[in-house]
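Trainee: Take a look at data-v1.txt, compact mmCIF, C-alpha atoms:
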```txt
# COMPACT_ATOMS: atom_id res chain seq x y z
CA SER A 1 101.66 1.29 126.03
CA GLN A 2 98.15 0.88 127.35
CA PHE A 3 96.11 4.03 127.79
CA SER A 4 95.95 3.31 131.53
CA ASP A 5 99.79 3.59 131.64
CA LEU A 6 99.83 7.19 130.37
CA GLY A 7 100.77 9.96 132.74
CA LEU A 8 97.82 12.28 133.21
CA PHE A 9 97.99 15.88 134.36
CA ASP A 10 95.49 18.49 135.51
CA TRP A 11 94.72 21.51 133.38
CA SER A 12 91.89 24.01 133.69
CA ASP A 13 90.71 27.27 132.14
CA GLN A 14 92.43 29.03 135.04
CA THR A 15 95.73 27.35 134.13
CA THR A 16 95.27 28.48 130.53
CA SER A 17 94.77 32.08 131.69
CA ILE A 18 97.91 31.94 133.82
CA ILE A 19 100.12 30.53 131.06
CA ARG A 20 98.80 33.08 128.52
CA LYS A 21 99.78 35.92 130.86
CA GLU A 22 103.26 34.43 131.34
CA VAL A 23 103.84 33.65 127.65
CA PRO A 24 102.17 36.37 125.54
CA GLU A 25 103.17 34.72 122.23
CA ILE A 26 100.57 31.96 122.70
CA THR A 27 97.52 32.18 120.43
CA VAL A 28 95.76 28.89 121.18
CA VAL A 29 95.77 26.46 124.10
CA SER A 30 93.68 23.40 123.39
CA PRO A 31 93.45 20.00 125.08
CA ARG A 32 93.76 16.85 122.96
CA ILE A 33 93.26 13.19 123.74
CA ARG A 34 95.08 10.67 121.58
CA PHE A 35 94.22 7.02 122.03
CA GLY A 36 93.98 3.79 120.11
CA GLY A 37 90.88 1.84 119.42
CA MET A 38 89.31 -0.69 117.14
CA LEU A 39 86.43 0.30 114.89
CA SER A 40 84.14 -2.23 113.28
CA TYR A 41 81.54 -2.06 110.57
CA LYS A 42 79.57 -5.13 109.54
CA ASP A 43 82.16 -7.96 109.60
CA GLU A 44 85.26 -5.75 109.12
CA SER A 45 87.41 -4.39 111.95
CA MET A 46 90.53 -2.28 112.04
CA GLY A 47 92.81 -0.72 114.63
CA ILE A 48 92.85 3.06 114.49
CA ASN A 49 94.53 6.02 116.12
CA LEU A 50 91.91 8.41 117.46
CA GLN A 51 92.13 12.02 118.51
CA GLY A 52 89.55 13.83 120.60
CA LEU A 53 89.74 17.53 119.68
CA THR A 54 87.89 20.64 120.79
CA SER A 55 85.45 22.21 118.33
CA ASP A 56 87.90 25.03 117.54
CA HIS A 57 90.70 22.58 116.85
CA LEU A 58 88.44 20.36 114.72
CA GLN A 59 87.56 23.40 112.59
CA ARG A 60 91.22 24.38 112.17
CA LEU A 61 92.15 20.82 111.24
CA SER A 62 89.27 20.40 108.81
CA SER A 63 90.32 23.61 107.04
CA ILE A 64 93.57 21.93 105.89
CA LEU A 65 91.93 18.63 104.89
CA ASN A 66 90.26 17.86 101.60
CA PHE A 67 87.02 16.02 102.21
CA VAL A 68 85.89 13.28 99.86
CA GLU A 69 82.44 13.70 101.38
CA GLY A 70 80.83 15.05 104.52
CA LYS A 71 82.40 17.43 107.03
CA ALA A 72 84.05 17.72 110.41
CA PRO A 73 82.14 16.36 113.43
CA GLN A 74 79.26 18.64 114.43
CA GLU A 75 77.55 16.34 116.93
CA ASP A 76 79.04 14.66 119.98
CA SER A 77 78.67 11.22 118.39
CA ASP A 78 80.30 12.15 115.04
CA ILE A 79 83.68 10.97 113.78
CA MET A 80 85.61 11.92 110.65
CA ILE A 81 87.95 9.32 109.24
CA SER A 82 90.64 9.01 106.61
CA GLU A 83 89.73 7.88 103.10
CA SER A 84 91.95 4.80 103.28
CA PHE A 85 90.31 3.75 106.53
CA ALA A 86 86.83 4.25 105.07
CA GLU A 87 87.79 2.16 102.04
CA VAL A 88 89.01 -0.77 104.13
CA LEU A 89 85.81 -0.83 106.20
CA GLU A 90 83.66 0.06 103.18
CA VAL A 91 81.86 2.82 105.06
CA ASN A 92 80.28 6.07 103.90
CA VAL A 93 79.12 9.26 105.56
CA GLY A 94 76.13 8.45 107.77
CA ASP A 95 77.22 4.89 108.57
CA THR A 96 77.56 3.86 112.21
CA LEU A 97 80.76 2.36 113.54
CA VAL A 98 81.27 0.38 116.74
CA LEU A 99 84.30 1.50 118.76
CA LEU A 100 86.26 -0.48 121.34
CA ALA A 101 89.01 1.40 123.19
CA ASN A 102 90.99 1.09 126.40
CA ASN A 103 90.04 3.56 129.11
CA ARG A 104 92.06 5.00 131.99
CA ASP A 105 90.96 2.18 134.29
CA GLY A 106 92.37 -0.51 132.02
CA TYR A 107 88.98 -1.72 130.83
CA LEU A 108 87.43 -1.61 127.39
CA SER A 109 84.93 1.11 126.60
CA ASP A 110 82.52 0.68 123.74
CA ASP A 111 80.66 3.34 121.84
CA LEU A 112 78.76 4.00 118.64
CA LEU A 113 80.03 6.73 116.32
CA VAL A 114 78.48 8.11 113.14
CA VAL A 115 80.77 8.94 110.21
CA SER A 116 80.30 12.67 109.56
CA GLY A 117 83.14 13.10 107.09
CA ILE A 118 85.79 11.27 105.09
CA PHE A 119 88.94 13.17 104.20
CA LYS A 120 91.46 12.48 101.45
CA THR A 121 94.75 10.91 102.38
CA SER A 122 96.91 12.86 99.97
CA GLY A 123 99.13 15.86 100.57
CA LEU A 124 99.27 16.57 104.31
CA GLY A 125 96.58 13.96 104.86
CA GLN A 126 98.86 11.10 103.77
CA PHE A 127 100.46 11.22 107.21
CA LEU A 128 97.09 10.78 108.92
CA ILE A 129 96.22 7.15 108.12
CA PRO A 130 94.52 5.23 109.65
CA ILE A 131 93.09 7.91 111.88
CA GLY A 132 89.84 9.33 113.12
CA TYR A 133 88.90 12.60 114.76
CA LEU A 134 86.03 13.05 117.14
CA ASN A 135 84.77 15.66 119.57
CA PHE A 136 86.90 16.13 122.67
CA ALA A 137 83.98 15.53 125.05
CA ARG A 138 83.25 12.15 123.45
CA GLY A 139 86.94 11.17 123.58
CA LYS A 140 87.03 12.14 127.23
CA THR A 141 83.97 10.00 127.98
CA ILE A 142 85.37 7.00 126.09
CA THR A 143 88.74 7.17 127.83
CA GLY A 144 87.20 7.82 131.25
CA LEU A 145 89.11 11.03 132.01
CA GLN A 146 87.91 13.23 134.87
CA THR A 147 86.97 16.92 134.55
CA ASP A 148 90.44 18.52 134.45
CA GLU A 149 92.51 15.44 133.46
CA PHE A 150 94.33 15.50 130.15
CA THR A 151 97.02 13.59 128.30
CA GLU A 152 98.12 16.45 126.01
CA ILE A 153 97.78 20.18 125.52
CA LEU A 154 98.27 21.75 122.09
CA ILE A 155 99.85 25.18 122.22
CA ASN A 156 100.13 27.38 119.14
CA PHE A 157 102.42 30.39 119.07
CA LYS A 158 102.00 33.56 116.99
CA ASN A 159 105.39 32.88 115.44
CA LEU A 160 108.44 30.73 116.05
CA ASP A 161 110.69 33.61 117.15
CA ASN A 162 112.09 33.13 120.66
CA LEU A 163 110.75 29.58 120.66
CA GLU A 164 113.43 28.33 123.07
CA VAL A 165 112.60 31.07 125.58
CA ASN A 166 108.86 30.43 125.27
CA GLN A 167 109.33 26.67 125.68
CA SER A 168 111.35 27.13 128.84
CA GLN A 169 108.58 29.37 130.21
CA LEU A 170 106.07 26.58 129.53
CA GLU A 171 108.21 24.06 131.36
```
Please express the file's structure as structure tokens.
Mentor:
Amino acid sequence: SQFSDLGLFDWSDQTTSIIRKEVPEITVVSPRIRFGGMLSYKDESMGINLQGLTSDHLQRLSSILNFVEGKAPQEDSDIMISESFAEVLEVNVGDTLVLLANNRDGYLSDDLLVVSGIFKTSGLGQFLIPIGYLNFARGKTITGLQTDEFTEILINFKNLDNLEVNQSQLE
């Protein structure tokens, strides 16, 4: 579906505090934006699944990835991409990509992103192709989401005991 067709919901720091009090087994609550786009470099283009992640989530994710070169996004304009994606576009760390993506209003947004890291697509990473990760704030700008609008919330539990009870509390 188009990004503009997604159901959005409101979530704030206050909502996070409330849910943590109700469900004490939660360790992390983190917003995520998943969307599709097309990245181009020189005369090559490719569709890609993008995820806008908070700094904390980017650090957790990058700790399980093996980087060919570079590192997780540090700047707002950084993106890390899978090795297979980098090979198709023939890009390296430091190269600038042009991004076209649908926003919440049904229009195309364009942006420039700098490759900060390229991760291997083996082991766990083999399920992450073609994909790119960028800072949550940049993803939010590209997709045109308002202050407390989100498409997804990632919730991590201390353990999986009582998962059914905890899930029903979330609902």
Trainee: Excluding range 105-121 of chain A and any residue of its chain fewer than 2 positions from it, enumerate the residues within 6 Å of it, using only C-alpha atoms, and give them as number ranges by chain.
Mentor: A: 4, 66-73, 77-83, 93-103, 125-126, 142
Trainee: Next, write the just-selected residues to a file, as a PDB file, keeping the file's coordinate frame, keeping C-alpha atoms as the atom set.
Mentor:
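Okay, out34.pdb is ready:
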```
ATOM      1  CA  SER A   4      95.950   3.310 131.530  1.00  0.00           C
ATOM      2  CA  ASN A  66      90.260  17.860 101.600  1.00  0.00           C
ATOM      3  CA  PHE A  67      87.020  16.020 102.210  1.00  0.00           C
ATOM      4  CA  VAL A  68      85.890  13.280  99.860  1.00  0.00           C
ATOM      5  CA  GLU A  69      82.440  13.700 101.380  1.00  0.00           C
ATOM      6  CA  GLY A  70      80.830  15.050 104.520  1.00  0.00           C
ATOM      7  CA  LYS A  71      82.400  17.430 107.030  1.00  0.00           C
ATOM      8  CA  ALA A  72      84.050  17.720 110.410  1.00  0.00           C
ATOM      9  CA  PRO A  73      82.140  16.360 113.430  1.00  0.00           C
ATOM     10  CA  SER A  77      78.670  11.220 118.390  1.00  0.00           C
ATOM     11  CA  ASP A  78      80.300  12.150 115.040  1.00  0.00           C
ATOM     12  CA  ILE A  79      83.680  10.970 113.780  1.00  0.00           C
ATOM     13  CA  MET A  80      85.610  11.920 110.650  1.00  0.00           C
ATOM     14  CA  ILE A  81      87.950   9.320 109.240  1.00  0.00           C
ATOM     15  CA  SER A  82      90.640   9.010 106.610  1.00  0.00           C
ATOM     16  CA  GLU A  83      89.730   7.880 103.100  1.00  0.00           C
ATOM     17  CA  VAL A  93      79.120   9.260 105.560  1.00  0.00           C
ATOM     18  CA  GLY A  94      76.130   8.450 107.770  1.00  0.00           C
ATOM     19  CA  ASP A  95      77.220   4.890 108.570  1.00  0.00           C
ATOM     20  CA  THR A  96      77.560   3.860 112.210  1.00  0.00           C
ATOM     21  CA  LEU A  97      80.760   2.360 113.540  1.00  0.00           C
ATOM     22  CA  VAL A  98      81.270   0.380 116.740  1.00  0.00           C
ATOM     23  CA  LEU A  99      84.300   1.500 118.760  1.00  0.00           C
ATOM     24  CA  LEU A 100      86.260  -0.480 121.340  1.00  0.00           C
ATOM     25  CA  ALA A 101      89.010   1.400 123.190  1.00  0.00           C
ATOM     26  CA  ASN A 102      90.990   1.090 126.400  1.00  0.00           C
ATOM     27  CA  ASN A 103      90.040   3.560 129.110  1.00  0.00           C
ATOM     28  CA  GLY A 125      96.580  13.960 104.860  1.00  0.00           C
ATOM     29  CA  GLN A 126      98.860  11.100 103.770  1.00  0.00           C
ATOM     30  CA  ILE A 142      85.370   7.000 126.090  1.00  0.00           C
TER      31      ILE A 142
END
```
Trainee: Rank A:Lys42, A:Arg20, A:Arg104, A:Arg32 by their smallest atom-to-atom distance to His57 in chain A, using only C-alpha atoms, and report the top residue only.
Mentor: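 Using only C-alpha atoms, the shortest distance to His57 in chain A belongs to A:Arg32.
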Trainee: Counting only C-alpha atoms, what is within 12 Å of Asp56 in chain A, bar same-chain residues fewer than 5 positions away, as a ChimeraX atom specification?
Mentor: /A:28-32,61-63,72-74,135-136,154
Trainee: Could you check how far CA of Gly37 in chain A sits from CA of Asn49 in chain A, in Å to one decimal?
Mentor: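 Computed distance, CA of Gly37 in chain A to CA of Asn49 in chain A, equals 6.5 Å.
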Trainee: Nearest to Glu90 in chain A among A:Thr147, A:Thr141, A:Asn156, A:Ser45, with distances taken over all atoms listed in the file: which residue is it?
Mentor: A:Ser45
Trainee: Grab the CA of Thr54 in chain A to CA of Ile33 in chain A distance for me, in Å with one decimal place.
Mentor: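 Going from CA of Thr54 in chain A over to CA of Ile33 in chain A, I get 9.6 Å.
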Trainee: If I take CA of Pro24 in chain A and CA of Phe157 in chain A, how far is one from the other in Å, to one decimal?
Mentor: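 Separation between CA of Pro24 in chain A and CA of Phe157 in chain A: 8.8 Å.
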Trainee: From the set A:Gly132, A:Gly144, A:Gly139, A:Gly36, which residue has the shortest atom-to-atom contact distance to Ala86 in chain A, counting all atoms listed in the file?
Mentor: A:Gly132
Trainee: Can you work out which one of A:Glu25, A:Glu87, A:Glu164, A:Asp76 has the shortest atom-to-atom distance to Tyr41 in chain A, counting all atoms listed in the file?
Mentor: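 The shortest atom-to-atom distance to Tyr41 in chain A comes from A:Glu87.
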